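Source file: my_file_26.pdb (PDB, C-alpha atoms, pLDDT in the B column)
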```pdb
ATOM      1  CA  MET A  66      -0.953 -19.391  -3.002  1.00 43.00           C
ATOM      2  CA  SER A  67      -1.668 -18.718  -6.653  1.00 49.00           C
ATOM      3  CA  TRP A  68       0.992 -17.600  -9.073  1.00 49.00           C
ATOM      4  CA  TRP A  69      -1.000 -14.501  -9.955  1.00 51.00           C
ATOM      5  CA  SER A  70      -1.577 -13.300  -6.425  1.00 51.00           C
ATOM      6  CA  SER A  71       1.936 -13.770  -5.060  1.00 60.00           C
ATOM      7  CA  ARG A  72       4.016 -12.635  -8.017  1.00 73.00           C
ATOM      8  CA  GLY A  73       6.362  -9.830  -7.013  1.00 88.00           C
ATOM      9  CA  PHE A  74       5.190  -9.368  -3.409  1.00 92.00           C
ATOM     10  CA  ASP A  75       7.338 -10.289  -0.419  1.00 93.00           C
ATOM     11  CA  GLU A  76       6.071 -12.241   2.572  1.00 94.00           C
ATOM     12  CA  ARG A  77       5.204  -9.184   4.679  1.00 95.00           C
ATOM     13  CA  GLN A  78       3.294  -7.599   1.800  1.00 95.00           C
ATOM     14  CA  LEU A  79       1.311 -10.803   1.257  1.00 94.00           C
ATOM     15  CA  ARG A  80       0.409 -10.963   4.935  1.00 94.00           C
ATOM     16  CA  VAL A  81      -0.710  -7.323   4.949  1.00 95.00           C
ATOM     17  CA  ARG A  82      -2.772  -7.832   1.776  1.00 94.00           C
ATOM     18  CA  GLY A  83      -4.423 -10.895   3.267  1.00 94.00           C
ATOM     19  CA  ASP A  84      -5.402  -8.942   6.390  1.00 93.00           C
ATOM     20  CA  ILE A  85      -6.781  -6.082   4.318  1.00 94.00           C
ATOM     21  CA  TYR A  86      -8.772  -8.353   1.980  1.00 91.00           C
ATOM     22  CA  LEU A  87     -10.356  -9.993   5.018  1.00 91.00           C
ATOM     23  CA  HIS A  88     -11.591  -6.847   6.714  1.00 88.00           C
ATOM     24  CA  GLY A  89     -12.393  -5.262   3.343  1.00 88.00           C
ATOM     25  CA  LEU A  90     -14.833  -8.078   2.690  1.00 88.00           C
ATOM     26  CA  VAL A  91     -16.513  -7.447   6.031  1.00 89.00           C
ATOM     27  CA  GLU A  92     -16.690  -3.703   5.312  1.00 86.00           C
ATOM     28  CA  ALA A  93     -18.288  -4.378   1.924  1.00 84.00           C
ATOM     29  CA  VAL A  94     -20.990  -6.527   3.499  1.00 85.00           C
ATOM     30  CA  VAL A  95     -21.703  -3.912   6.180  1.00 86.00           C
ATOM     31  CA  LEU A  96     -21.820  -1.131   3.589  1.00 83.00           C
ATOM     32  CA  MET A  97     -24.265  -3.052   1.435  1.00 79.00           C
ATOM     33  CA  ALA A  98     -26.495  -3.543   4.456  1.00 82.00           C
ATOM     34  CA  VAL A  99     -26.350   0.196   5.154  1.00 82.00           C
ATOM     35  CA  LEU A 100     -27.211   1.004   1.527  1.00 78.00           C
ATOM     36  CA  VAL A 101     -30.389  -1.014   1.812  1.00 75.00           C
ATOM     37  CA  ALA A 102     -31.490   1.229   4.665  1.00 78.00           C
ATOM     38  CA  VAL A 103     -30.571   4.706   3.354  1.00 75.00           C
ATOM     39  CA  PRO A 104     -33.032   6.819   1.339  1.00 73.00           C
ATOM     40  CA  ARG A 105     -32.832   6.224  -2.383  1.00 73.00           C
ATOM     41  CA  GLY A 106     -33.082   8.424  -5.437  1.00 75.00           C
ATOM     42  CA  TRP A 107     -29.761  10.239  -5.211  1.00 78.00           C
ATOM     43  CA  ALA A 108     -28.471   8.252  -8.175  1.00 79.00           C
ATOM     44  CA  PRO A 109     -30.024   5.789 -10.615  1.00 79.00           C
ATOM     45  CA  PHE A 110     -29.838   2.075  -9.959  1.00 80.00           C
ATOM     46  CA  PRO A 111     -27.301   0.376  -9.665  1.00 83.00           C
ATOM     47  CA  TYR A 112     -24.885   3.281  -9.146  1.00 84.00           C
ATOM     48  CA  PRO A 113     -25.303   3.661  -5.356  1.00 83.00           C
ATOM     49  CA  SER A 114     -24.120   0.082  -4.835  1.00 83.00           C
ATOM     50  CA  ALA A 115     -21.346   0.518  -7.401  1.00 87.00           C
ATOM     51  CA  ILE A 116     -20.146   3.714  -5.712  1.00 86.00           C
ATOM     52  CA  ALA A 117     -20.185   1.940  -2.346  1.00 85.00           C
ATOM     53  CA  LEU A 118     -18.103  -0.942  -3.703  1.00 86.00           C
ATOM     54  CA  VAL A 119     -15.646   1.460  -5.311  1.00 89.00           C
ATOM     55  CA  ALA A 120     -15.331   3.267  -1.974  1.00 88.00           C
ATOM     56  CA  VAL A 121     -14.499   0.001  -0.200  1.00 89.00           C
ATOM     57  CA  VAL A 122     -11.932  -0.969  -2.863  1.00 90.00           C
ATOM     58  CA  VAL A 123     -10.297   2.450  -2.701  1.00 92.00           C
ATOM     59  CA  ALA A 124     -10.213   2.377   1.121  1.00 91.00           C
ATOM     60  CA  ALA A 125      -8.504  -1.023   1.014  1.00 92.00           C
ATOM     61  CA  SER A 126      -6.073   0.245  -1.636  1.00 93.00           C
ATOM     62  CA  VAL A 127      -5.218   3.297   0.453  1.00 94.00           C
ATOM     63  CA  GLU A 128      -4.447   1.081   3.446  1.00 94.00           C
ATOM     64  CA  MET A 129      -2.288  -1.188   1.273  1.00 94.00           C
ATOM     65  CA  ILE A 130      -0.416   1.826  -0.078  1.00 95.00           C
ATOM     66  CA  TRP A 131       0.200   3.263   3.371  1.00 94.00           C
ATOM     67  CA  ARG A 132       1.428  -0.096   4.691  1.00 93.00           C
ATOM     68  CA  GLY A 133       3.702  -0.617   1.698  1.00 93.00           C
ATOM     69  CA  ALA A 134       1.845  -3.570   0.227  1.00 93.00           C
ATOM     70  CA  PHE A 135       0.118  -2.079  -2.817  1.00 93.00           C
ATOM     71  CA  LEU A 136       2.905  -2.265  -5.378  1.00 92.00           C
ATOM     72  CA  ALA A 137       4.887  -5.359  -6.214  1.00 90.00           C
ATOM     73  CA  MET A 138       8.654  -5.183  -6.276  1.00 88.00           C
ATOM     74  CA  GLY A 139      10.634  -4.676  -9.438  1.00 84.00           C
ATOM     75  CA  PRO A 140       9.490  -3.746 -12.968  1.00 86.00           C
ATOM     76  CA  ARG A 141       5.921  -4.897 -12.398  1.00 85.00           C
ATOM     77  CA  GLY A 142       5.446  -2.494  -9.498  1.00 88.00           C
ATOM     78  CA  ASP A 143       7.114   0.296 -11.460  1.00 88.00           C
ATOM     79  CA  ARG A 144       4.708  -0.228 -14.363  1.00 89.00           C
ATOM     80  CA  VAL A 145       1.707  -0.095 -12.054  1.00 89.00           C
ATOM     81  CA  ARG A 146       3.056   3.065 -10.397  1.00 88.00           C
ATOM     82  CA  ARG A 147       3.461   4.739 -13.810  1.00 89.00           C
ATOM     83  CA  MET A 148      -0.067   3.692 -14.771  1.00 89.00           C
ATOM     84  CA  TRP A 149      -1.495   5.285 -11.625  1.00 88.00           C
ATOM     85  CA  ARG A 150       0.431   8.501 -12.268  1.00 86.00           C
ATOM     86  CA  ILE A 151      -1.154   8.762 -15.716  1.00 88.00           C
ATOM     87  CA  LEU A 152      -4.568   7.958 -14.286  1.00 85.00           C
ATOM     88  CA  GLY A 153      -4.017  10.633 -11.671  1.00 85.00           C
ATOM     89  CA  VAL A 154      -3.812  13.223 -14.452  1.00 86.00           C
ATOM     90  CA  VAL A 155      -6.982  11.866 -16.075  1.00 84.00           C
ATOM     91  CA  TYR A 156      -8.835  11.917 -12.768  1.00 81.00           C
ATOM     92  CA  GLY A 157      -7.660  15.454 -12.152  1.00 82.00           C
ATOM     93  CA  LEU A 158      -9.173  16.553 -15.461  1.00 83.00           C
ATOM     94  CA  LEU A 159     -12.430  14.797 -14.588  1.00 78.00           C
ATOM     95  CA  LEU A 160     -12.464  16.615 -11.260  1.00 77.00           C
ATOM     96  CA  VAL A 161     -12.193  19.951 -13.067  1.00 81.00           C
ATOM     97  CA  LEU A 162     -15.039  18.987 -15.418  1.00 78.00           C
ATOM     98  CA  PHE A 163     -17.156  17.856 -12.508  1.00 74.00           C
ATOM     99  CA  ILE A 164     -16.617  21.082 -10.563  1.00 76.00           C
ATOM    100  CA  VAL A 165     -17.291  23.261 -13.609  1.00 78.00           C
ATOM    101  CA  GLY A 166     -20.437  21.278 -14.331  1.00 73.00           C
ATOM    102  CA  ALA A 167     -21.627  21.557 -10.750  1.00 70.00           C
ATOM    103  CA  VAL A 168     -20.997  25.312 -10.651  1.00 75.00           C
ATOM    104  CA  THR A 169     -22.655  26.071 -13.996  1.00 74.00           C
ATOM    105  CA  GLY A 170     -25.542  23.739 -13.305  1.00 65.00           C
ATOM    106  CA  ASP A 171     -25.851  22.979 -16.969  1.00 59.00           C
ATOM    107  CA  ASN A 172     -24.258  19.607 -17.547  1.00 63.00           C
ATOM    108  CA  GLY A 173     -24.900  15.929 -17.766  1.00 74.00           C
ATOM    109  CA  PHE A 174     -23.940  15.187 -14.169  1.00 75.00           C
ATOM    110  CA  TRP A 175     -26.990  16.524 -12.309  1.00 75.00           C
ATOM    111  CA  SER A 176     -30.688  16.392 -13.026  1.00 77.00           C
ATOM    112  CA  ALA A 177     -33.542  17.383 -10.729  1.00 76.00           C
ATOM    113  CA  GLY A 178     -31.308  17.354  -7.661  1.00 75.00           C
ATOM    114  CA  ALA A 179     -29.895  13.899  -8.229  1.00 79.00           C
ATOM    115  CA  LEU A 180     -26.908  12.418  -9.982  1.00 81.00           C
ATOM    116  CA  THR A 181     -27.377  11.166 -13.505  1.00 82.00           C
ATOM    117  CA  GLY A 182     -25.690   7.967 -14.633  1.00 81.00           C
ATOM    118  CA  THR A 183     -22.860  10.054 -16.085  1.00 80.00           C
ATOM    119  CA  GLY A 184     -22.592  11.942 -12.823  1.00 82.00           C
ATOM    120  CA  ALA A 185     -22.434   8.710 -10.833  1.00 85.00           C
ATOM    121  CA  LEU A 186     -19.636   7.447 -13.087  1.00 83.00           C
ATOM    122  CA  ALA A 187     -17.806  10.736 -12.555  1.00 81.00           C
ATOM    123  CA  VAL A 188     -18.153  10.320  -8.779  1.00 83.00           C
ATOM    124  CA  MET A 189     -16.659   6.827  -9.021  1.00 86.00           C
ATOM    125  CA  TYR A 190     -13.712   8.095 -11.035  1.00 82.00           C
ATOM    126  CA  LEU A 191     -13.213  10.876  -8.524  1.00 83.00           C
ATOM    127  CA  ILE A 192     -13.152   8.380  -5.657  1.00 88.00           C
ATOM    128  CA  PHE A 193     -10.455   6.494  -7.577  1.00 86.00           C
ATOM    129  CA  CYS A 194      -8.506   9.796  -7.587  1.00 86.00           C
ATOM    130  CA  VAL A 195      -7.623   9.087  -3.972  1.00 90.00           C
ATOM    131  CA  ILE A 196      -5.315   6.236  -5.032  1.00 92.00           C
ATOM    132  CA  PRO A 197      -2.780   8.211  -7.109  1.00 90.00           C
ATOM    133  CA  VAL A 198      -2.812  10.994  -4.497  1.00 90.00           C
ATOM    134  CA  THR A 199      -2.080   8.476  -1.741  1.00 94.00           C
ATOM    135  CA  LEU A 200       0.670   6.863  -3.851  1.00 92.00           C
ATOM    136  CA  PHE A 201       2.303  10.267  -4.249  1.00 91.00           C
ATOM    137  CA  LEU A 202       2.124  11.033  -0.521  1.00 94.00           C
ATOM    138  CA  ALA A 203       3.348   7.556   0.446  1.00 94.00           C
ATOM    139  CA  ASP A 204       6.321   7.826  -1.934  1.00 91.00           C
ATOM    140  CA  ARG A 205       7.275  11.161  -0.364  1.00 93.00           C
ATOM    141  CA  ARG A 206       6.943   9.698   3.144  1.00 94.00           C
ATOM    142  CA  ASP A 207       9.034   6.633   2.258  1.00 91.00           C
ATOM    143  CA  ALA A 208      11.775   8.793   0.743  1.00 90.00           C
ATOM    144  CA  ARG A 209      11.835  10.914   3.902  1.00 91.00           C
ATOM    145  CA  LEU A 210      11.984   7.830   6.152  1.00 89.00           C
ATOM    146  CA  ALA A 211      14.749   6.272   4.040  1.00 87.00           C
ATOM    147  CA  ARG A 212      16.848   9.456   4.354  1.00 87.00           C
ATOM    148  CA  ALA A 213      16.247   9.548   8.113  1.00 85.00           C
ATOM    149  CA  ASP A 214      17.308   5.897   8.429  1.00 81.00           C
ATOM    150  CA  GLU A 215      20.490   6.580   6.494  1.00 78.00           C
ATOM    151  CA  LEU A 216      21.355   9.397   8.889  1.00 78.00           C
ATOM    152  CA  VAL A 217      20.860   7.069  11.852  1.00 74.00           C
ATOM    153  CA  ASP A 218      22.999   4.410  10.131  1.00 71.00           C
ATOM    154  CA  GLU A 219      25.827   6.923   9.740  1.00 72.00           C
ATOM    155  CA  ALA A 220      25.620   7.699  13.444  1.00 71.00           C
ATOM    156  CA  VAL A 221      25.724   3.972  14.276  1.00 62.00           C
TER     157      VAL A 221
ATOM    158  CA  MET B 119       8.299  -7.055  19.653  1.00 74.00           C
ATOM    159  CA  ALA B 120      11.588  -5.411  20.513  1.00 84.00           C
ATOM    160  CA  LYS B 121      13.685  -3.615  17.938  1.00 87.00           C
ATOM    161  CA  ASN B 122      16.399  -5.671  16.280  1.00 90.00           C
ATOM    162  CA  LEU B 123      19.379  -3.447  16.948  1.00 91.00           C
ATOM    163  CA  ARG B 124      21.871  -6.250  16.213  1.00 93.00           C
ATOM    164  CA  MET B 125      20.564  -6.533  12.695  1.00 94.00           C
ATOM    165  CA  ARG B 126      20.775  -2.789  12.215  1.00 93.00           C
ATOM    166  CA  ALA B 127      24.317  -2.661  13.572  1.00 92.00           C
ATOM    167  CA  ALA B 128      25.397  -5.545  11.348  1.00 94.00           C
ATOM    168  CA  ARG B 129      23.900  -3.819   8.317  1.00 94.00           C
ATOM    169  CA  ALA B 130      25.501  -0.494   9.179  1.00 91.00           C
ATOM    170  CA  SER B 131      28.907  -2.125   9.743  1.00 92.00           C
ATOM    171  CA  LEU B 132      28.795  -3.357   6.132  1.00 93.00           C
ATOM    172  CA  GLY B 133      27.800   0.100   4.907  1.00 91.00           C
ATOM    173  CA  LEU B 134      24.525  -1.243   3.576  1.00 92.00           C
ATOM    174  CA  SER B 135      21.415   0.900   3.434  1.00 91.00           C
ATOM    175  CA  GLN B 136      18.037  -0.638   4.151  1.00 93.00           C
ATOM    176  CA  GLN B 137      17.325  -0.526   0.419  1.00 91.00           C
ATOM    177  CA  GLY B 138      20.635  -2.227  -0.306  1.00 93.00           C
ATOM    178  CA  LEU B 139      19.903  -5.030   2.147  1.00 95.00           C
ATOM    179  CA  ALA B 140      16.366  -5.310   0.794  1.00 94.00           C
ATOM    180  CA  ASP B 141      17.681  -5.689  -2.745  1.00 93.00           C
ATOM    181  CA  ALA B 142      20.182  -8.316  -1.616  1.00 94.00           C
ATOM    182  CA  VAL B 143      17.530 -10.303   0.206  1.00 95.00           C
ATOM    183  CA  GLY B 144      14.713  -9.818  -2.313  1.00 93.00           C
ATOM    184  CA  VAL B 145      12.196  -7.921  -0.202  1.00 94.00           C
ATOM    185  CA  THR B 146      11.051  -4.315   0.052  1.00 94.00           C
ATOM    186  CA  ARG B 147      12.826  -1.637   2.078  1.00 93.00           C
ATOM    187  CA  GLN B 148       9.697  -1.328   4.205  1.00 93.00           C
ATOM    188  CA  THR B 149       9.964  -5.008   5.152  1.00 95.00           C
ATOM    189  CA  ILE B 150      13.588  -4.622   6.263  1.00 95.00           C
ATOM    190  CA  ASN B 151      12.583  -1.550   8.268  1.00 93.00           C
ATOM    191  CA  ALA B 152       9.660  -3.425   9.830  1.00 94.00           C
ATOM    192  CA  VAL B 153      11.971  -6.285  10.888  1.00 95.00           C
ATOM    193  CA  GLU B 154      14.495  -3.855  12.396  1.00 94.00           C
ATOM    194  CA  GLN B 155      11.782  -1.919  14.221  1.00 92.00           C
ATOM    195  CA  GLY B 156      10.253  -5.094  15.588  1.00 92.00           C
ATOM    196  CA  ASP B 157       6.976  -4.458  13.747  1.00 93.00           C
ATOM    197  CA  TYR B 158       7.158  -7.648  11.694  1.00 94.00           C
ATOM    198  CA  ASN B 159       8.110 -11.200  12.682  1.00 93.00           C
ATOM    199  CA  PRO B 160       9.953 -12.654   9.668  1.00 94.00           C
ATOM    200  CA  THR B 161       9.716 -16.281   8.622  1.00 95.00           C
ATOM    201  CA  ILE B 162      12.738 -18.510   9.067  1.00 95.00           C
ATOM    202  CA  ASN B 163      13.430 -18.287   5.334  1.00 95.00           C
ATOM    203  CA  LEU B 164      13.661 -14.513   5.481  1.00 96.00           C
ATOM    204  CA  CYS B 165      15.779 -14.679   8.633  1.00 96.00           C
ATOM    205  CA  ARG B 166      18.210 -17.028   6.874  1.00 96.00           C
ATOM    206  CA  ALA B 167      18.342 -14.808   3.804  1.00 96.00           C
ATOM    207  CA  ILE B 168      19.135 -11.770   5.956  1.00 96.00           C
ATOM    208  CA  CYS B 169      21.833 -13.688   7.818  1.00 96.00           C
ATOM    209  CA  ARG B 170      23.416 -14.782   4.537  1.00 96.00           C
ATOM    210  CA  ALA B 171      23.397 -11.215   3.222  1.00 96.00           C
ATOM    211  CA  LEU B 172      24.968  -9.852   6.427  1.00 96.00           C
ATOM    212  CA  GLY B 173      27.380 -12.753   6.999  1.00 95.00           C
ATOM    213  CA  LYS B 174      25.986 -13.523  10.439  1.00 95.00           C
ATOM    214  CA  THR B 175      24.319 -16.498  12.094  1.00 95.00           C
ATOM    215  CA  LEU B 176      20.707 -16.755  13.198  1.00 94.00           C
ATOM    216  CA  ASP B 177      21.793 -16.656  16.827  1.00 93.00           C
ATOM    217  CA  GLU B 178      23.780 -13.486  16.299  1.00 93.00           C
ATOM    218  CA  LEU B 179      20.911 -11.590  14.691  1.00 93.00           C
ATOM    219  CA  PHE B 180      17.627 -13.112  15.817  1.00 92.00           C
ATOM    220  CA  TRP B 181      18.039 -15.067  19.046  1.00 86.00           C
ATOM    221  CA  GLU B 182      16.559 -13.197  21.982  1.00 78.00           C
ATOM    222  CA  ASP B 183      19.042 -12.519  24.738  1.00 66.00           C
ATOM    223  CA  ASP B 184      17.272 -13.402  28.020  1.00 60.00           C
ATOM    224  CA  ARG B 185      20.232 -12.480  30.198  1.00 49.00           C
TER     225      ARG B 185
END
```
Would you mind writing the file's structure down as structure tokens?
Amino acid sequence: MSWWSSRGFDERQLRVRGDIYLHGLVEAVVLMAVLVAVPRGWAPFPYPSAIALVAVVVAASVEMIWRGAFLAMGPRGDRVRRMWRILGVVYGLLLVLFIVGAVTGDNGFWSAGALTGTGALAVMYLIFCVIPVTLFLADRRDARLARADELVDEAV
Amino acid sequence: MAKNLRMRAARASLGLSQQGLADAVGVTRQTINAVEQGDYNPTINLCRAICRALGKTLDELFWEDDR
């Protein structure tokens, strides 16, 4: 186990991350195979593949977050959490720009019914938006579960 | 895996929250919860660390009672 990969994660988190990396790799291969078969032209090369890879990474991250294995313990995990909160604000602003651009129809995101390179990048950033949202929801869930456990402990 | 009620009772008798035990042992609260709920099978090292934190033996907390 490398120093970089294990730093700050406990044994359960490492096991969960290992499981997720394994099936994430399989999902990426399957998705790439699907991309070869779907009609092209909805975004310039190589953005369809990039968007697919981002989707797989975000899906794996969401699973890690929900299973409590995304953030390391201690200051390192706190720093990463703060970074994702800031990015969440940035992604939110991009979402607004994207929606306004789509509604007005006069922007750099769309051209002749297909995404431009800028539009494809915006889609990737928007997919990343899912991570800070999931972190927020998971934090709320964990706080609720911790309070519920404390109530049970008092009863015991 | 069955829930580990002995571990939970030992923790509660010391007035420790799951977060408090997690901090003492050096794992996350979710890991302590997973062990107590029977959702995660801890390694012997983690079992020993939990026993040390709760002042119990491995038999008292983790040995399955077949009776």
Kindly resolve the PyMOL selection byres ((chain A and resi 212-219) around 9) on the present coordinates and return the residues as a list in words.
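On the file shown, the PyMOL selection byres ((chain A and resi 212-219) around 9) covers Asp207, Ala208, Arg209, Leu210, Ala211, Ala220 and Val221 of chain A; Arg126, Ala127, Arg129, Ala130, Ser131, Gly133, Leu134, Ser135, Gln136 and Asn151 of chain B.
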Skipping near chain neighbours, those fewer than 6 positions away, what residues fall within 8 Å of Trp175 in chain A using all atoms listed in the file, listed as a PyMOL selection string?
chain A and resi 167+181+184
Evaluate the PyMOL selection byres ((chain B) within 12 of (chain A)) against this structure - the residues, as a PyMOL selection string, please.
chain B and resi 123-138+140-141+143-155+157-165
What do you get, as a PyMOL selection string, if you spell out every residue that the PyMOL selection byres ((chain A and resi 203) around 12) selects here?
(chain A and resi 127-136+146+195-202+204-210) or (chain B and resi 148)
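Across the model, the gap from CA of Pro104 in chain A to CA of Leu191 in chain A is 22.5 Å.
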As an exercise, work out the distance from CA of Asp84 in chain A to CA of Ala124 in chain A in Å and give it to one decimal place.
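CA of Ala124 in chain A lies at a distance of 13.4 Å from CA of Asp84 in chain A.
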